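Shown next: query.pdb, containing PDB, C-alpha atoms and all ligand atoms.
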ATOM      1  CA  MET A   1     -13.565   0.669   7.137
ATOM      2  CA  ASN A   2     -15.906   1.579  10.007
ATOM      3  CA  TRP A   3     -15.128   1.346  13.706
ATOM      4  CA  SER A   4     -16.815  -1.989  14.442
ATOM      5  CA  ARG A   5     -14.994  -3.567  11.538
ATOM      6  CA  PHE A   6     -11.742  -2.170  12.842
ATOM      7  CA  VAL A   7     -12.466  -3.613  16.313
ATOM      8  CA  HIS A   8     -13.270  -6.964  14.719
ATOM      9  CA  ILE A   9      -9.920  -6.947  12.940
ATOM     10  CA  VAL A  10      -8.037  -6.056  16.124
ATOM     11  CA  GLU A  11      -9.890  -8.807  18.026
ATOM     12  CA  SER A  12      -9.003 -11.408  15.470
ATOM     13  CA  LEU A  13      -5.371 -10.431  15.906
ATOM     14  CA  ILE A  14      -5.582 -11.112  19.633
ATOM     15  CA  PHE A  15      -7.521 -14.382  19.626
ATOM     16  CA  PRO A  16      -5.804 -17.561  18.443
ATOM     17  CA  GLU A  17      -5.991 -18.751  14.881
ATOM     18  CA  PHE A  18      -3.554 -20.329  12.452
ATOM     19  CA  CYS A  19      -0.213 -18.880  11.462
ATOM     20  CA  LEU A  20      -0.223 -17.853   7.810
ATOM     21  CA  GLY A  21       3.471 -18.606   7.582
ATOM     22  CA  CYS A  22       3.680 -22.193   8.875
ATOM     23  CA  GLY A  23       0.148 -23.252   9.855
ATOM     24  CA  VAL A  24       0.627 -23.798  13.596
ATOM     25  CA  LYS A  25      -2.249 -22.790  15.878
ATOM     26  CA  ASP A  26      -1.249 -19.344  16.946
ATOM     27  CA  LYS A  27      -1.857 -15.694  16.079
ATOM     28  CA  ILE A  28      -2.070 -14.609  12.452
ATOM     29  CA  LEU A  29       1.691 -15.052  12.404
ATOM     30  CA  CYS A  30       3.608 -17.082  15.010
ATOM     31  CA  MET A  31       6.700 -15.648  16.690
ATOM     32  CA  LYS A  32       9.005 -17.814  14.578
ATOM     33  CA  CYS A  33       7.487 -16.450  11.384
ATOM     34  CA  VAL A  34       7.320 -12.883  12.710
ATOM     35  CA  ALA A  35      11.073 -13.141  13.283
ATOM     36  CA  LYS A  36      11.529 -13.912   9.589
ATOM     37  CA  LEU A  37       9.968 -10.597   8.603
ATOM     38  CA  GLU A  38      12.783  -8.125   8.283
ATOM     39  CA  PHE A  39      12.099  -4.519   9.157
ATOM     40  CA  ILE A  40      14.161  -2.125   7.088
ATOM     41  CA  ASN A  41      14.176   1.617   6.698
ATOM     42  CA  GLY A  42      14.107   1.554   2.907
ATOM     43  CA  TYR A  43      14.651   4.805   1.103
ATOM     44  CA  GLU A  44      15.177   5.891  -2.484
ATOM     45  CA  LYS A  45      15.044   9.248  -4.228
ATOM     46  CA  GLY A  46      12.427   9.409  -6.973
ATOM     47  CA  LYS A  47      15.019   9.990  -9.654
ATOM     48  CA  GLY A  48      13.399   9.843 -13.097
ATOM     49  CA  PHE A  49       9.920   9.635 -11.527
ATOM     50  CA  TYR A  50       7.221  12.182 -10.733
ATOM     51  CA  PHE A  51       7.330  11.395  -7.023
ATOM     52  CA  ASP A  52      10.075  12.821  -4.804
ATOM     53  CA  ASP A  53      10.863   9.919  -2.492
ATOM     54  CA  LEU A  54      10.059   6.256  -2.051
ATOM     55  CA  ARG A  55      10.083   4.628   1.373
ATOM     56  CA  TRP A  56       9.343   1.105   2.547
ATOM     57  CA  CYS A  57       9.548  -0.872   5.767
ATOM     58  CA  LEU A  58       9.914  -4.594   5.025
ATOM     59  CA  LYS A  59      12.305  -6.764   3.104
ATOM     60  CA  TYR A  60      10.714  -8.484   0.097
ATOM     61  CA  ASN A  61      11.565 -11.997   1.294
ATOM     62  CA  ALA A  62       9.818 -15.388   1.306
ATOM     63  CA  ILE A  63       7.625 -14.790   4.371
ATOM     64  CA  PHE A  64       6.610 -11.358   3.131
ATOM     65  CA  LYS A  65       5.629 -12.764  -0.264
ATOM     66  CA  LYS A  66       3.489 -15.409   1.470
ATOM     67  CA  LEU A  67       1.691 -12.783   3.532
ATOM     68  CA  ILE A  68       1.132 -10.379   0.679
ATOM     69  CA  ILE A  69      -0.548 -13.142  -1.338
ATOM     70  CA  HIS A  70      -2.926 -13.794   1.574
ATOM     71  CA  PHE A  71      -3.560 -10.086   1.891
ATOM     72  CA  LYS A  72      -4.214  -9.333  -1.773
ATOM     73  CA  TYR A  73      -5.663 -12.498  -3.216
ATOM     74  CA  LYS A  74      -7.106 -14.500  -0.338
ATOM     75  CA  ARG A  75      -9.211 -11.772   1.232
ATOM     76  CA  CYS A  76      -7.162 -11.693   4.409
ATOM     77  CA  GLU A  77      -7.925  -8.057   5.119
ATOM     78  CA  LYS A  78      -6.971  -8.231   8.791
ATOM     79  CA  LEU A  79      -3.364  -8.265   7.612
ATOM     80  CA  SER A  80      -3.781  -4.545   6.970
ATOM     81  CA  VAL A  81      -3.578  -3.888  10.724
ATOM     82  CA  PHE A  82      -0.635  -6.250  11.042
ATOM     83  CA  PHE A  83       1.200  -4.497   8.210
ATOM     84  CA  GLY A  84       0.068  -1.111   9.534
ATOM     85  CA  ASN A  85       2.183  -1.762  12.612
ATOM     86  CA  TYR A  86       5.281  -1.899  10.426
ATOM     87  CA  LEU A  87       4.232   1.085   8.302
ATOM     88  CA  LYS A  88       3.891   3.270  11.353
ATOM     89  CA  GLU A  89       7.605   2.858  12.024
ATOM     90  CA  ILE A  90       8.274   5.032   8.994
ATOM     91  CA  TYR A  91       8.220   8.621  10.147
ATOM     92  CA  GLY A  92       9.642  12.069   9.466
ATOM     93  CA  PHE A  93       7.127  13.217   6.882
ATOM     94  CA  LYS A  94       6.512  16.792   5.829
ATOM     95  CA  LYS A  95       4.078  18.685   8.060
ATOM     96  CA  ASN A  96       0.359  18.569   7.157
ATOM     97  CA  SER A  97       0.841  15.754   4.691
ATOM     98  CA  ILE A  98      -2.284  14.118   3.357
ATOM     99  CA  VAL A  99      -2.439  10.372   2.793
ATOM    100  CA  ILE A 100      -3.753   9.074  -0.527
ATOM    101  CA  PRO A 101      -4.034   5.377  -1.444
ATOM    102  CA  VAL A 102      -3.255   4.078  -4.919
ATOM    103  CA  PRO A 103      -6.684   3.260  -6.368
ATOM    104  CA  ILE A 104      -7.871   0.018  -7.954
ATOM    105  CA  SER A 105     -10.569  -0.284 -10.586
ATOM    106  CA  ARG A 106     -14.167  -1.190  -9.767
ATOM    107  CA  LYS A 107     -13.679  -4.516 -11.542
ATOM    108  CA  ARG A 108     -10.695  -5.414  -9.381
ATOM    109  CA  LEU A 109     -12.497  -4.170  -6.290
ATOM    110  CA  CYS A 110     -15.322  -6.636  -7.016
ATOM    111  CA  GLU A 111     -12.867  -9.507  -7.472
ATOM    112  CA  ARG A 112     -10.783  -8.668  -4.412
ATOM    113  CA  GLY A 113     -13.418  -7.311  -2.048
ATOM    114  CA  PHE A 114     -11.308  -4.373  -0.877
ATOM    115  CA  ASN A 115      -8.550  -2.052  -1.978
ATOM    116  CA  GLN A 116      -5.449  -3.215  -0.110
ATOM    117  CA  ALA A 117      -3.746   0.187  -0.488
ATOM    118  CA  LYS A 118      -6.775   1.931   0.989
ATOM    119  CA  LEU A 119      -6.794  -0.359   4.048
ATOM    120  CA  LEU A 120      -3.082   0.272   4.554
ATOM    121  CA  ALA A 121      -3.607   4.027   4.202
ATOM    122  CA  LEU A 122      -6.446   3.943   6.762
ATOM    123  CA  CYS A 123      -4.299   2.007   9.254
ATOM    124  CA  PHE A 124      -1.389   4.314   8.576
ATOM    125  CA  CYS A 125      -3.598   7.320   9.450
ATOM    126  CA  THR A 126      -5.002   5.564  12.518
ATOM    127  CA  PHE A 127      -1.476   5.044  13.834
ATOM    128  CA  ASN A 128      -0.297   8.538  12.822
ATOM    129  CA  SER A 129      -2.926  10.860  14.251
ATOM    130  CA  GLY A 130      -1.558  13.976  12.546
ATOM    131  CA  LEU A 131      -2.100  12.649   9.045
ATOM    132  CA  LYS A 132      -5.307  13.066   7.086
ATOM    133  CA  PHE A 133      -6.735  10.297   4.928
ATOM    134  CA  CYS A 134      -7.915  11.555   1.516
ATOM    135  CA  ASP A 135      -9.223   9.029  -0.998
ATOM    136  CA  TYR A 136      -8.647  11.372  -3.951
ATOM    137  CA  LEU A 137      -7.620   9.070  -6.784
ATOM    138  CA  VAL A 138      -9.903   6.999  -8.979
ATOM    139  CA  ARG A 139      -8.862   4.157 -11.248
ATOM    140  CA  LYS A 140     -10.979   4.293 -14.386
ATOM    141  CA  PHE A 141      -9.880   1.050 -15.981
ATOM    142  CA  ASP A 142      -7.221  -1.642 -15.856
ATOM    143  CA  ARG A 143      -4.502  -2.079 -18.387
ATOM    144  CA  PRO A 144      -3.211  -5.514 -19.384
ATOM    145  CA  LYS A 145      -1.617  -7.353 -16.479
ATOM    146  CA  GLN A 146       1.623  -5.511 -15.730
ATOM    147  CA  SER A 147       3.536  -8.706 -15.205
ATOM    148  CA  LEU A 148       2.767  -9.880 -18.723
ATOM    149  CA  LEU A 149       4.249  -6.818 -20.371
ATOM    150  CA  ARG A 150       7.833  -5.996 -21.104
ATOM    151  CA  ARG A 151       9.217  -3.318 -18.822
ATOM    152  CA  SER A 152       9.503  -0.809 -21.658
ATOM    153  CA  LEU A 153       5.801  -1.195 -22.386
ATOM    154  CA  ARG A 154       4.771  -1.078 -18.734
ATOM    155  CA  LEU A 155       6.014   2.423 -18.209
ATOM    156  CA  ASN A 156       3.524   4.088 -20.534
ATOM    157  CA  ASN A 157       0.537   1.784 -20.680
ATOM    158  CA  LEU A 158      -1.256   3.494 -17.803
ATOM    159  CA  GLU A 159      -2.013   6.860 -19.327
ATOM    160  CA  GLY A 160      -5.601   7.925 -18.836
ATOM    161  CA  SER A 161      -6.321   5.205 -16.283
ATOM    162  CA  ILE A 162      -6.120   7.431 -13.168
ATOM    163  CA  GLU A 163      -8.289  10.446 -12.363
ATOM    164  CA  ILE A 164      -8.235  12.866  -9.486
ATOM    165  CA  ASN A 165     -11.215  13.779  -7.336
ATOM    166  CA  GLY A 166     -10.087  16.345  -4.754
ATOM    167  CA  ASN A 167      -7.896  19.399  -4.264
ATOM    168  CA  VAL A 168      -4.179  18.711  -3.844
ATOM    169  CA  ASN A 169      -2.886  22.110  -4.888
ATOM    170  CA  GLY A 170       0.172  23.055  -2.824
ATOM    171  CA  LYS A 171      -0.160  19.948  -0.646
ATOM    172  CA  ASN A 172       2.413  17.467   0.589
ATOM    173  CA  ILE A 173       1.290  13.967  -0.195
ATOM    174  CA  ILE A 174       2.014  10.501   1.133
ATOM    175  CA  LEU A 175       1.004   8.047  -1.562
ATOM    176  CA  ILE A 176       0.374   4.532  -0.246
ATOM    177  CA  ASP A 177       0.565   1.187  -2.008
ATOM    178  CA  ASP A 178       1.406  -2.371  -0.965
ATOM    179  CA  VAL A 179       4.483  -3.198  -3.032
ATOM    180  CA  ALA A 180       6.640  -1.149  -5.415
ATOM    181  CA  THR A 181       7.968  -3.155  -8.329
ATOM    182  CA  THR A 182       8.487  -1.051 -11.465
ATOM    183  CA  CYS A 183       6.860   1.952  -9.758
ATOM    184  CA  SER A 184       4.810   2.561 -12.918
ATOM    185  CA  THR A 185       1.486   2.886 -11.063
ATOM    186  CA  LEU A 186       3.011   5.051  -8.333
ATOM    187  CA  ASN A 187       4.550   7.161 -11.068
ATOM    188  CA  GLU A 188       1.315   7.594 -12.998
ATOM    189  CA  CYS A 189      -0.562   8.543  -9.810
ATOM    190  CA  SER A 190       2.223  11.008  -9.010
ATOM    191  CA  ARG A 191       2.071  12.516 -12.490
ATOM    192  CA  ILE A 192      -1.661  13.184 -12.066
ATOM    193  CA  LEU A 193      -1.114  14.626  -8.564
ATOM    194  CA  LYS A 194       1.777  16.863  -9.643
ATOM    195  CA  GLU A 195      -0.206  18.138 -12.632
ATOM    196  CA  ALA A 196      -2.975  19.022 -10.163
ATOM    197  CA  GLY A 197      -0.472  21.113  -8.181
ATOM    198  CA  ALA A 198       0.836  18.721  -5.519
ATOM    199  CA  LYS A 199       3.962  20.108  -3.892
ATOM    200  CA  ASN A 200       5.816  17.052  -2.662
ATOM    201  CA  ILE A 201       5.036  13.355  -3.014
ATOM    202  CA  CYS A 202       6.495  10.665  -0.799
ATOM    203  CA  CYS A 203       5.479   7.131  -1.791
ATOM    204  CA  VAL A 204       5.178   4.739   1.145
ATOM    205  CA  VAL A 205       4.915   1.014   0.500
ATOM    206  CA  LEU A 206       5.387  -2.150   2.510
ATOM    207  CA  ALA A 207       8.202  -3.516   0.391
ATOM    208  CA  ARG A 208      10.343  -2.859  -2.640
ATOM    209  CA  ALA A 209      10.362  -5.875  -4.943
TER     210      ALA A 209
HETATM  211 ZN    ZN B 301       4.475 -19.558  11.745
END
As structure tokens, please, write out the structure in this file.
Ligand SMILES: [Zn+2]
Amino acid sequence: MNWSRFVHIVESLIFPEFCLGCGVKDKILCMKCVAKLEFINGYEKGKGFYFDDLRWCLKYNAIFKKLIIHFKYKRCEKLSVFFGNYLKEIYGFKKNSIVIPVPISRKRLCERGFNQAKLLALCFCTFNSGLKFCDYLVRKFDRPKQSLLRRSLRLNNLEGSIEINGNVNGKNIILIDDVATTCSTLNECSRILKEAGAKNICCVVLARA
């Protein structure tokens, strides 16, 4: 995302449009709907996973689900700045952490127009000036839709799908994605990063489904 695009996104947040929650003429989300978003300081240890911690900032409720659908499937990329404002409330990371987004495949990128995790990671770095954005992971291919598989199958159907393109040896990493459900993608990314020498991995997502 370049600067002029960023400015465009910020402008569209200021000037009136229609609320994505209820449709009234207002900002991207009217005050009534904003109030329905619940900020939480979600935290879980990465027990049984390759990452060390998982953190999130919003409750996975009805209004959140509505917004995330607009963000991911209806090309509403300006929501990244909106969500970035909530993400920035998560703090207390290890010093000199680098920020890596969960990658999507080229095929999905063509369908969607952008990688939602990358936009969130960029906003996260914009709001946290000490953190460095590093787009180090590459998604080689997609596996069958996660939601169509049984949980037991989901956990190991990702092998070989993620590659690393950068040096993470000895580094503390903040791994960004939109929503954590089974954590299988976050886990596979973390496995690749740990095998490449990453020291500590903290996954940061908007919500925990
Ligand atoms: Zn509304």
Mind telling me what the PyMOL selection byres (((chain A and resi 55) around 7) and not hetatm) catches here, as a PDB file with C-alpha atoms, in the frame of the given file?
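Contents of selection.pdb, as written:
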ATOM      1  CA  GLY A  42      14.107   1.554   2.907  1.00  0.00           C
ATOM      2  CA  TYR A  43      14.651   4.805   1.103  1.00  0.00           C
ATOM      3  CA  GLU A  44      15.177   5.891  -2.484  1.00  0.00           C
ATOM      4  CA  ASP A  53      10.863   9.919  -2.492  1.00  0.00           C
ATOM      5  CA  LEU A  54      10.059   6.256  -2.051  1.00  0.00           C
ATOM      6  CA  TRP A  56       9.343   1.105   2.547  1.00  0.00           C
ATOM      7  CA  CYS A 203       5.479   7.131  -1.791  1.00  0.00           C
ATOM      8  CA  VAL A 204       5.178   4.739   1.145  1.00  0.00           C
ATOM      9  CA  VAL A 205       4.915   1.014   0.500  1.00  0.00           C
TER      10      VAL A 205
END
Atom CA of Gly84 of chain A to atom CA of Val10 of chain A: how many Å, to one decimal?
11.6 Å
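Residues matched by the PyMOL selection byres (((chain A and resi 173) around 9) and not hetatm) in this structure: Lys94, Asn96, Ser97, Ile98, Val99, Ile100, Val168, Lys171, Asn172, Ile174, Leu175, Leu193, Ala198, Lys199, Asn200, Ile201, Cys202 and Cys203 of chain A.
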Considering all atoms listed in the file, return as a count of residues only whatever protein or nucleic-acid residues lie within 6 Å of Arg139 of chain A, sequence-local ones (same chain, fewer than 3 positions apart) excluded.
5
Counting all atoms listed in the file, what are the residues of chain A within 7 Å of ligand ZN 301 (chain B), and for each of them which pair of atoms is the nearest and at what distance in Å, to one decimal? Sort the table by chain and rising number, as JSON lines.
{"residue": "A:Cys19", "atom": "CA", "partner": "B:ZN301", "partner_atom": "ZN", "distance": 4.7}
{"residue": "A:Leu20", "atom": "CA", "partner": "B:ZN301", "partner_atom": "ZN", "distance": 6.4}
{"residue": "A:Gly21", "atom": "CA", "partner": "B:ZN301", "partner_atom": "ZN", "distance": 4.4}
{"residue": "A:Cys22", "atom": "CA", "partner": "B:ZN301", "partner_atom": "ZN", "distance": 4.0}
{"residue": "A:Gly23", "atom": "CA", "partner": "B:ZN301", "partner_atom": "ZN", "distance": 6.0}
{"residue": "A:Val24", "atom": "CA", "partner": "B:ZN301", "partner_atom": "ZN", "distance": 6.0}
{"residue": "A:Leu29", "atom": "CA", "partner": "B:ZN301", "partner_atom": "ZN", "distance": 5.3}
{"residue": "A:Cys30", "atom": "CA", "partner": "B:ZN301", "partner_atom": "ZN", "distance": 4.2}
{"residue": "A:Met31", "atom": "CA", "partner": "B:ZN301", "partner_atom": "ZN", "distance": 6.7}
{"residue": "A:Lys32", "atom": "CA", "partner": "B:ZN301", "partner_atom": "ZN", "distance": 5.6}
{"residue": "A:Cys33", "atom": "CA", "partner": "B:ZN301", "partner_atom": "ZN", "distance": 4.3}
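Residue nearest Lys95 of chain A, chosen from A:Glu77, A:Phe114, A:Phe82, A:Gly130 and counting all atoms listed in the file: A:Gly130.
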Generate the missing atoms of segment 85-96 of chain A up to all heavy atoms and report them as a PDB file, in the frame of the given file.
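Writing done, so here's out18.pdb:
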ATOM      1  N   ASN A  85       1.237  -1.879  11.503  1.00  0.00           N
ATOM      2  CA  ASN A  85       2.183  -1.762  12.612  1.00  0.00           C
ATOM      3  C   ASN A  85       3.614  -1.552  12.138  1.00  0.00           C
ATOM      4  O   ASN A  85       4.416  -0.935  12.830  1.00  0.00           O
ATOM      5  CB  ASN A  85       2.111  -3.014  13.480  1.00  0.00           C
ATOM      6  CG  ASN A  85       1.196  -2.807  14.656  1.00  0.00           C
ATOM      7  OD1 ASN A  85       1.381  -1.863  15.411  1.00  0.00           O
ATOM      8  ND2 ASN A  85       0.191  -3.646  14.780  1.00  0.00           N
ATOM      9  N   TYR A  86       3.940  -2.113  10.986  1.00  0.00           N
ATOM     10  CA  TYR A  86       5.281  -1.899  10.426  1.00  0.00           C
ATOM     11  C   TYR A  86       5.351  -0.543   9.729  1.00  0.00           C
ATOM     12  O   TYR A  86       6.340   0.177   9.843  1.00  0.00           O
ATOM     13  CB  TYR A  86       5.624  -3.018   9.436  1.00  0.00           C
ATOM     14  CG  TYR A  86       5.919  -4.325  10.126  1.00  0.00           C
ATOM     15  CD1 TYR A  86       4.909  -5.248  10.363  1.00  0.00           C
ATOM     16  CD2 TYR A  86       7.207  -4.618  10.567  1.00  0.00           C
ATOM     17  CE1 TYR A  86       5.176  -6.439  11.023  1.00  0.00           C
ATOM     18  CE2 TYR A  86       7.482  -5.811  11.222  1.00  0.00           C
ATOM     19  CZ  TYR A  86       6.461  -6.724  11.444  1.00  0.00           C
ATOM     20  OH  TYR A  86       6.727  -7.896  12.100  1.00  0.00           O
ATOM     21  N   LEU A  87       4.265  -0.206   9.020  1.00  0.00           N
ATOM     22  CA  LEU A  87       4.232   1.085   8.302  1.00  0.00           C
ATOM     23  C   LEU A  87       4.412   2.265   9.236  1.00  0.00           C
ATOM     24  O   LEU A  87       5.041   3.255   8.886  1.00  0.00           O
ATOM     25  CB  LEU A  87       2.887   1.249   7.577  1.00  0.00           C
ATOM     26  CG  LEU A  87       2.709   0.654   6.189  1.00  0.00           C
ATOM     27  CD1 LEU A  87       1.349   1.055   5.647  1.00  0.00           C
ATOM     28  CD2 LEU A  87       3.808   1.092   5.224  1.00  0.00           C
ATOM     29  N   LYS A  88       3.853   2.130  10.436  1.00  0.00           N
ATOM     30  CA  LYS A  88       3.891   3.270  11.353  1.00  0.00           C
ATOM     31  C   LYS A  88       5.313   3.579  11.843  1.00  0.00           C
ATOM     32  O   LYS A  88       5.576   4.651  12.377  1.00  0.00           O
ATOM     33  CB  LYS A  88       2.930   3.069  12.521  1.00  0.00           C
ATOM     34  CG  LYS A  88       3.421   2.174  13.645  1.00  0.00           C
ATOM     35  CD  LYS A  88       2.443   2.277  14.806  1.00  0.00           C
ATOM     36  CE  LYS A  88       2.985   1.720  16.096  1.00  0.00           C
ATOM     37  NZ  LYS A  88       3.185   0.281  16.117  1.00  0.00           N
ATOM     38  N   GLU A  89       6.211   2.625  11.638  1.00  0.00           N
ATOM     39  CA  GLU A  89       7.605   2.858  12.024  1.00  0.00           C
ATOM     40  C   GLU A  89       8.328   3.802  11.060  1.00  0.00           C
ATOM     41  O   GLU A  89       9.434   4.254  11.329  1.00  0.00           O
ATOM     42  CB  GLU A  89       8.361   1.524  12.112  1.00  0.00           C
ATOM     43  CG  GLU A  89       7.805   0.549  13.138  1.00  0.00           C
ATOM     44  CD  GLU A  89       7.801   1.099  14.554  1.00  0.00           C
ATOM     45  OE1 GLU A  89       8.756   1.801  14.907  1.00  0.00           O
ATOM     46  OE2 GLU A  89       6.811   0.859  15.281  1.00  0.00           O
ATOM     47  N   ILE A  90       7.697   4.049   9.919  1.00  0.00           N
ATOM     48  CA  ILE A  90       8.274   5.032   8.994  1.00  0.00           C
ATOM     49  C   ILE A  90       7.781   6.399   9.439  1.00  0.00           C
ATOM     50  O   ILE A  90       6.578   6.603   9.602  1.00  0.00           O
ATOM     51  CB  ILE A  90       7.804   4.777   7.540  1.00  0.00           C
ATOM     52  CG1 ILE A  90       8.104   3.345   7.104  1.00  0.00           C
ATOM     53  CG2 ILE A  90       8.451   5.766   6.585  1.00  0.00           C
ATOM     54  CD1 ILE A  90       7.586   3.018   5.710  1.00  0.00           C
ATOM     55  N   TYR A  91       8.669   7.301   9.690  1.00  0.00           N
ATOM     56  CA  TYR A  91       8.220   8.621  10.147  1.00  0.00           C
ATOM     57  C   TYR A  91       9.105   9.714   9.546  1.00  0.00           C
ATOM     58  O   TYR A  91       9.994   9.439   8.728  1.00  0.00           O
ATOM     59  CB  TYR A  91       8.195   8.692  11.677  1.00  0.00           C
ATOM     60  CG  TYR A  91       9.503   8.318  12.320  1.00  0.00           C
ATOM     61  CD1 TYR A  91      10.476   9.283  12.547  1.00  0.00           C
ATOM     62  CD2 TYR A  91       9.773   7.001  12.667  1.00  0.00           C
ATOM     63  CE1 TYR A  91      11.685   8.943  13.110  1.00  0.00           C
ATOM     64  CE2 TYR A  91      10.988   6.654  13.230  1.00  0.00           C
ATOM     65  CZ  TYR A  91      11.939   7.629  13.451  1.00  0.00           C
ATOM     66  OH  TYR A  91      13.133   7.276  13.999  1.00  0.00           O
ATOM     67  N   GLY A  92       8.859  10.947   9.972  1.00  0.00           N
ATOM     68  CA  GLY A  92       9.642  12.069   9.466  1.00  0.00           C
ATOM     69  C   GLY A  92       9.078  12.648   8.182  1.00  0.00           C
ATOM     70  O   GLY A  92       9.818  13.058   7.294  1.00  0.00           O
ATOM     71  N   PHE A  93       7.751  12.675   8.090  1.00  0.00           N
ATOM     72  CA  PHE A  93       7.127  13.217   6.882  1.00  0.00           C
ATOM     73  C   PHE A  93       6.963  14.729   6.984  1.00  0.00           C
ATOM     74  O   PHE A  93       7.008  15.296   8.071  1.00  0.00           O
ATOM     75  CB  PHE A  93       5.758  12.569   6.659  1.00  0.00           C
ATOM     76  CG  PHE A  93       5.851  11.097   6.422  1.00  0.00           C
ATOM     77  CD1 PHE A  93       5.492  10.194   7.417  1.00  0.00           C
ATOM     78  CD2 PHE A  93       6.323  10.608   5.220  1.00  0.00           C
ATOM     79  CE1 PHE A  93       5.613   8.832   7.209  1.00  0.00           C
ATOM     80  CE2 PHE A  93       6.446   9.249   5.004  1.00  0.00           C
ATOM     81  CZ  PHE A  93       6.084   8.365   6.004  1.00  0.00           C
ATOM     82  N   LYS A  94       6.738  15.349   5.840  1.00  0.00           N
ATOM     83  CA  LYS A  94       6.512  16.792   5.829  1.00  0.00           C
ATOM     84  C   LYS A  94       5.229  17.107   6.601  1.00  0.00           C
ATOM     85  O   LYS A  94       4.279  16.325   6.586  1.00  0.00           O
ATOM     86  CB  LYS A  94       6.400  17.291   4.389  1.00  0.00           C
ATOM     87  CG  LYS A  94       7.707  17.151   3.637  1.00  0.00           C
ATOM     88  CD  LYS A  94       7.755  18.079   2.444  1.00  0.00           C
ATOM     89  CE  LYS A  94       9.055  17.929   1.679  1.00  0.00           C
ATOM     90  NZ  LYS A  94      10.262  18.274   2.420  1.00  0.00           N
ATOM     91  N   LYS A  95       5.230  18.275   7.249  1.00  0.00           N
ATOM     92  CA  LYS A  95       4.078  18.685   8.060  1.00  0.00           C
ATOM     93  C   LYS A  95       2.811  18.784   7.201  1.00  0.00           C
ATOM     94  O   LYS A  95       2.872  19.172   6.046  1.00  0.00           O
ATOM     95  CB  LYS A  95       4.361  20.029   8.712  1.00  0.00           C
ATOM     96  CG  LYS A  95       5.004  19.862  10.069  1.00  0.00           C
ATOM     97  CD  LYS A  95       5.008  21.152  10.859  1.00  0.00           C
ATOM     98  CE  LYS A  95       5.710  20.901  12.185  1.00  0.00           C
ATOM     99  NZ  LYS A  95       6.498  22.030  12.617  1.00  0.00           N
ATOM    100  N   ASN A  96       1.676  18.479   7.806  1.00  0.00           N
ATOM    101  CA  ASN A  96       0.359  18.569   7.157  1.00  0.00           C
ATOM    102  C   ASN A  96       0.240  17.721   5.890  1.00  0.00           C
ATOM    103  O   ASN A  96      -0.481  18.095   4.979  1.00  0.00           O
ATOM    104  CB  ASN A  96       0.007  20.021   6.812  1.00  0.00           C
ATOM    105  CG  ASN A  96       0.079  20.912   8.031  1.00  0.00           C
ATOM    106  OD1 ASN A  96      -0.367  20.520   9.107  1.00  0.00           O
ATOM    107  ND2 ASN A  96       0.661  22.075   7.871  1.00  0.00           N
TER     108      ASN A  96
END
